[in-house]
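Some notes on the structure that comes next.
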Amino acid sequence: MTAAIDLQILRAFVLAAREGNVSRAAERLHLTQPAVSLQLKRLAEETGLVLFTRTPHGLALTADGAAMLPQAERVLAAVGDLQQAARKLQGTVRGALRIGTILDPEFTRLGVFLRELVEAAPQIETELRHGMSGSVLAQVLRGDLDVGFHLDPGEDASAATAPALSVRTLTRFTYRVVAPAGWGPQVQGRDWKALAALPWLATPPESAHHRLLERVFGPLGLSPRRVALVDQEASMLDLLKSGIGLSLVRDSIAIRECQAHGLAMADRVQLDCALRFVSLASRRDEPVVASAWEALGKAWS
């Protein structure tokens with residue numbers, strides 16, 4: 001054998017062997033009978049083997065032909081597998097996905113989201129960047145993050161950024177004002193003006209806490225007395241338990257911590273907020289970003 005064997009010739013050989021008839025093999029291949037006969041002749045010449053003998057009923061494999069048949073079938077099967085793999089790869093989404101995360105993973109369903117993403121698009125490499133809500137939003141708008149979670153104190157996404165963003169509201173919740181144990185008389189029945197006079201745990205401008213309180217105290221012309229600057233919820237809770245000052249706490253956590261540690265909760269005030277998922281609207285249909293949105297939909301369905 002001096003030349004590579006054409007796959008079409010191998011297919012003609014396998015079908016002729018299975019059918020035992022050139023005419024039926026030609027029908028299966030959508031070729032003419034002379035074309036298939038020519039391919040079988042070429043295979044015999046290229047291999048130097050006699051592959052068939054003619055009988056009154058058609059074709060019969062010789063011993064060499066019978067030995068060669070399973071080899072040819074394996075080659076064609078391997079080519080079929082290769083073609084199928086190539087088709088799958090053509091539809092495979094690849095690339096890096098930079099995700100801005102906030103708060104605790106349980107609240108954002110981050111684990112479920114990542115599981116759905118990995119199952120649907122295993123070739124995507126994820127990079128998680130944890131930060132405060134405002135910084136995540138800014139990075140998405142700059143293109144430094146592909147998608148991210150964001151806390152919005154308004155009913156809808158900010159008018160300044162909404163046109164540039166694709167936004168999905170995942171859940172709405174309430175922030176409560178929580179004070180150290182024993183501060184019940186100082187916060188029970190008190191409005192925002194009275195609460196502003198008490199010591200507060202402050203947060204950076206990028207945090208949802210800061211934006212929420214600015215929306216309350218700003219119009220009133222009030223500036224709360226800030227005794228510490230905190231950028232993590234866990235540290236904030238520790239300082240609350242240590243008796244340092246007041247803070248906003250998500251309702252579910254506030255109830256749990258008040259019951260477990262005797263913290264006090266203001267009963268006249270609360271602030272509504274929404275957890276949202278965002279990406280640039282201009283990138284919404286990019287394969288990697290679209291895969292993230294699809295996985296998010298499953299995680300929050």
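Chains: A, B, ... in order of the structure tokens. Residues: from 1 per chain. Ligands: from 1, in order shown.
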- Query: Where in region 5-171 of chain A does DSSP assign helix (DSSP H, G or I), given as a VMD selection string?
  - Reply: chain A and resid 7 to 19 22 to 29 33 to 47 63 to 90 105 to 108 110 to 120 133 to 142 162 to 164
- Task: Determine which residues of region 52-285 of chain A receive a DSSP assignment of strand (DSSP E), computed from the backbone, and state them as a count of residues only.
- Result: 68
- Message: Residues within 8 Å of region 185-202 of chain A, please, as a PyMOL selection string. Count only C-alpha atoms; anything in the same chain fewer than 3 positions from it doesn't count.
- Response: chain A and resi 179+182+210+216-217+220+222-230+236+244-247+264-269
- Query: For Thr55 (chain A), which residue out of A:Arg42, A:Gly20, A:Arg250, A:Ala78 is the nearest one, using only C-alpha atoms?
  - Reply: A:Gly20
- Message: When you look at Gly95 (chain A) with a cut-off of 9 Å (counting only C-alpha atoms), what residues show up, excluding the ones that are within fewer than 3 positions of it in the same chain? I need them as a ChimeraX atom specification.
- Response: /A:123-126,287-288
- Item | Within 9 Å of region 294-297 of chain A using only C-alpha atoms, minus same-chain residues under 4 positions, as a ChimeraX atom specification | /A:109-110,112-118,120,277,289-290,301
Selection above as a file: N, CA, C and O atoms, as a short mmCIF file (atom, residue, chain, number, x, y, z; two decimals), in the first residue's frame:
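Contents of the output file again12.cif:
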```cif
data_model
loop_
_atom_site.label_atom_id
_atom_site.label_comp_id
_atom_site.auth_asym_id
_atom_site.auth_seq_id
_atom_site.Cartn_x
_atom_site.Cartn_y
_atom_site.Cartn_z
N ARG A 109 -26.91 33.12 46.66
CA ARG A 109 -26.99 31.80 46.02
C ARG A 109 -25.81 31.58 45.08
O ARG A 109 -25.93 31.01 43.99
N LEU A 110 -24.65 32.05 45.52
CA LEU A 110 -23.46 32.00 44.68
C LEU A 110 -23.07 30.56 44.34
O LEU A 110 -22.70 30.27 43.20
N VAL A 112 -24.96 27.83 44.13
CA VAL A 112 -25.89 27.25 43.16
C VAL A 112 -25.65 27.85 41.78
O VAL A 112 -25.66 27.15 40.77
N PHE A 113 -25.43 29.15 41.75
CA PHE A 113 -25.15 29.84 40.48
C PHE A 113 -23.92 29.26 39.80
O PHE A 113 -23.93 28.95 38.60
N LEU A 114 -22.83 29.09 40.56
CA LEU A 114 -21.59 28.56 39.97
C LEU A 114 -21.76 27.11 39.54
O LEU A 114 -21.22 26.69 38.52
N ARG A 115 -22.52 26.34 40.30
CA ARG A 115 -22.76 24.94 39.91
C ARG A 115 -23.51 24.87 38.58
O ARG A 115 -23.13 24.08 37.69
N GLU A 116 -24.54 25.67 38.43
CA GLU A 116 -25.28 25.69 37.17
C GLU A 116 -24.39 26.14 36.01
O GLU A 116 -24.47 25.60 34.91
N LEU A 117 -23.52 27.10 36.28
CA LEU A 117 -22.63 27.61 35.23
C LEU A 117 -21.64 26.54 34.80
O LEU A 117 -21.41 26.33 33.61
N VAL A 118 -21.04 25.84 35.77
CA VAL A 118 -20.05 24.81 35.46
C VAL A 118 -20.69 23.65 34.71
O VAL A 118 -20.10 23.09 33.77
N ALA A 120 -23.34 23.76 32.75
CA ALA A 120 -23.77 24.16 31.41
C ALA A 120 -22.60 24.56 30.52
O ALA A 120 -22.64 24.34 29.30
N PHE A 277 -28.74 41.53 39.94
CA PHE A 277 -27.63 40.98 39.15
C PHE A 277 -27.49 41.87 37.93
O PHE A 277 -28.50 42.19 37.27
N VAL A 289 -21.01 35.89 28.87
CA VAL A 289 -21.95 36.65 29.71
C VAL A 289 -23.35 36.05 29.62
O VAL A 289 -24.05 35.93 30.63
N ALA A 290 -23.76 35.66 28.42
CA ALA A 290 -25.08 35.03 28.26
C ALA A 290 -25.17 33.74 29.06
O ALA A 290 -26.22 33.42 29.63
N SER A 301 -34.53 30.35 39.94
CA SER A 301 -35.85 29.97 39.46
C SER A 301 -36.67 29.33 40.58
O SER A 301 -36.12 28.85 41.56
#
```
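Here CA of Ala164 (chain A) is placed at a distance of 23.1 Å from CA of Trp300 (chain A).
The two atoms in question, CA of Leu69 (chain A) and CA of Ala16 (chain A), are spaced 10.4 Å apart.
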- Task: Give me the residues within 12 Å of Gly100 (chain A) as a PyMOL selection string, counting only C-alpha atoms and dropping any in the same chain fewer than 5 places off.
- Result: chain A and resi 105+108+110+126-141+143-151+276-279
Write to file, as a compact mmCIF listing (two decimals), in the first residue's frame, the residues of the selection just made, with N, CA, C and O atoms.
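Below is the file again-v7.txt, written as the result:
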```txt
# COMPACT_ATOMS: atom_id res chain seq x y z
N PRO A 105 -22.20 34.18 50.51
CA PRO A 105 -22.59 33.36 49.35
C PRO A 105 -23.98 32.77 49.46
O PRO A 105 -24.66 32.60 48.44
N THR A 108 -26.68 35.34 48.20
CA THR A 108 -26.69 35.57 46.75
C THR A 108 -26.86 34.27 45.96
O THR A 108 -26.91 34.31 44.73
N LEU A 110 -24.65 32.05 45.52
CA LEU A 110 -23.46 32.00 44.68
C LEU A 110 -23.07 30.56 44.34
O LEU A 110 -22.70 30.27 43.20
N THR A 126 -13.95 30.84 35.88
CA THR A 126 -14.55 31.89 36.68
C THR A 126 -13.52 32.54 37.61
O THR A 126 -12.65 31.85 38.14
N GLU A 127 -13.65 33.82 37.76
CA GLU A 127 -12.81 34.58 38.70
C GLU A 127 -13.74 35.39 39.58
O GLU A 127 -14.48 36.25 39.10
N LEU A 128 -13.72 35.12 40.88
CA LEU A 128 -14.59 35.80 41.83
C LEU A 128 -13.83 36.95 42.48
O LEU A 128 -12.72 36.77 42.97
N ARG A 129 -14.47 38.13 42.48
CA ARG A 129 -13.89 39.29 43.14
C ARG A 129 -14.90 39.83 44.13
O ARG A 129 -15.94 40.37 43.74
N HIS A 130 -14.59 39.68 45.40
CA HIS A 130 -15.53 40.11 46.45
C HIS A 130 -15.30 41.57 46.78
O HIS A 130 -14.17 42.03 46.87
N GLY A 131 -16.39 42.30 46.94
CA GLY A 131 -16.26 43.72 47.28
C GLY A 131 -17.57 44.28 47.78
O GLY A 131 -18.51 43.55 48.08
N MET A 132 -17.60 45.59 47.87
CA MET A 132 -18.83 46.27 48.29
C MET A 132 -19.70 46.55 47.08
O MET A 132 -19.21 46.64 45.95
N SER A 133 -20.97 46.71 47.33
CA SER A 133 -21.95 46.81 46.25
C SER A 133 -21.60 47.90 45.24
O SER A 133 -21.63 47.70 44.02
N GLY A 134 -21.29 49.09 45.73
CA GLY A 134 -21.01 50.20 44.83
C GLY A 134 -19.78 49.98 43.99
O GLY A 134 -19.73 50.36 42.81
N SER A 135 -18.74 49.37 44.57
CA SER A 135 -17.51 49.12 43.81
C SER A 135 -17.74 48.06 42.75
O SER A 135 -17.17 48.14 41.65
N VAL A 136 -18.58 47.06 43.05
CA VAL A 136 -18.90 46.04 42.04
C VAL A 136 -19.61 46.69 40.86
O VAL A 136 -19.28 46.43 39.70
N LEU A 137 -20.58 47.55 41.14
CA LEU A 137 -21.31 48.21 40.06
C LEU A 137 -20.36 49.06 39.20
O LEU A 137 -20.44 49.04 37.96
N ALA A 138 -19.47 49.80 39.85
CA ALA A 138 -18.53 50.65 39.12
C ALA A 138 -17.62 49.81 38.22
O ALA A 138 -17.33 50.19 37.08
N GLN A 139 -17.18 48.66 38.72
CA GLN A 139 -16.31 47.80 37.93
C GLN A 139 -17.04 47.18 36.74
O GLN A 139 -16.46 47.00 35.67
N VAL A 140 -18.31 46.85 36.92
CA VAL A 140 -19.11 46.34 35.79
C VAL A 140 -19.24 47.42 34.72
O VAL A 140 -19.07 47.17 33.52
N LEU A 141 -19.52 48.65 35.14
CA LEU A 141 -19.68 49.75 34.20
C LEU A 141 -18.37 50.06 33.46
O LEU A 141 -18.39 50.44 32.28
N GLY A 143 -16.13 47.80 32.79
CA GLY A 143 -15.71 46.62 32.05
C GLY A 143 -14.66 45.81 32.76
O GLY A 143 -14.12 44.85 32.20
N ASP A 144 -14.35 46.15 34.02
CA ASP A 144 -13.39 45.38 34.80
C ASP A 144 -14.00 44.09 35.34
O ASP A 144 -13.28 43.16 35.70
N LEU A 145 -15.32 44.06 35.43
CA LEU A 145 -16.06 42.85 35.78
C LEU A 145 -17.06 42.57 34.67
O LEU A 145 -17.59 43.50 34.05
N ASP A 146 -17.33 41.29 34.44
CA ASP A 146 -18.29 40.93 33.40
C ASP A 146 -19.73 40.95 33.92
O ASP A 146 -20.65 41.38 33.21
N VAL A 147 -19.91 40.45 35.13
CA VAL A 147 -21.22 40.44 35.78
C VAL A 147 -21.00 40.69 37.26
O VAL A 147 -19.87 40.58 37.76
N GLY A 148 -22.06 41.00 37.97
CA GLY A 148 -21.89 41.20 39.41
C GLY A 148 -23.22 41.32 40.13
O GLY A 148 -24.26 41.57 39.53
N PHE A 149 -23.13 41.14 41.44
CA PHE A 149 -24.29 41.34 42.31
C PHE A 149 -24.22 42.77 42.86
O PHE A 149 -23.14 43.30 43.12
N HIS A 150 -25.39 43.36 43.06
CA HIS A 150 -25.45 44.76 43.46
C HIS A 150 -26.67 44.98 44.35
O HIS A 150 -27.73 44.39 44.12
N LEU A 151 -26.50 45.81 45.38
CA LEU A 151 -27.61 46.18 46.25
C LEU A 151 -28.11 47.56 45.84
O LEU A 151 -27.33 48.51 45.77
N ARG A 276 -29.70 42.77 43.20
CA ARG A 276 -29.81 42.69 41.75
C ARG A 276 -28.56 42.05 41.15
O ARG A 276 -27.49 42.04 41.76
N PHE A 277 -28.74 41.53 39.94
CA PHE A 277 -27.63 40.98 39.15
C PHE A 277 -27.49 41.87 37.93
O PHE A 277 -28.50 42.19 37.27
N VAL A 278 -26.26 42.28 37.60
CA VAL A 278 -26.08 43.27 36.54
C VAL A 278 -24.94 42.87 35.60
O VAL A 278 -24.00 42.18 35.99
N SER A 279 -25.05 43.35 34.38
CA SER A 279 -23.96 43.31 33.40
C SER A 279 -24.19 44.47 32.44
O SER A 279 -25.28 45.06 32.42
```
Write out as a PDB file with C-alpha atoms, in the first residue's frame the residues lying within 9 Å of Arg24 (chain A), counting only C-alpha atoms and excluding same-chain residues fewer than 5 positions away.
```pdb
ATOM      1  CA  LEU A  15     -21.205  -1.074   2.785  1.00  0.00           C
ATOM      2  CA  ALA A  16     -20.410  -3.469  -0.059  1.00  0.00           C
ATOM      3  CA  GLU A  19     -24.833  -5.564   1.684  1.00  0.00           C
ATOM      4  CA  LEU A  29     -23.972   5.973  -0.659  1.00  0.00           C
ATOM      5  CA  GLN A  33     -22.917   1.477  -9.350  1.00  0.00           C
TER       6      GLN A  33
END
```
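Nearest residue to Ala26 (chain A), choosing from A:Arg54, A:Val249, A:Pro122, A:Gln39 and counting only C-alpha atoms: A:Gln39.
CA of Asp6 (chain A) sits 11.9 Å away from CA of Thr47 (chain A).
Here the question is which of A:Cys273, A:Leu51, A:Leu237, A:Ala60 gets nearest to Pro153 (chain A) using only C-alpha atoms, and that residue is A:Cys273.
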- Message: Could you check the closest approach to Arg94 (chain A) for each of A:Lys298, A:Arg283, A:Ala292, A:Gly262 and tell me which residue wins, using only C-alpha atoms?
- Response: A:Ala292
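Nearest residue to Ile99 (chain A) among A:Trp293, A:Pro34, A:Ile255, A:Arg11 is A:Trp293, counting only C-alpha atoms.
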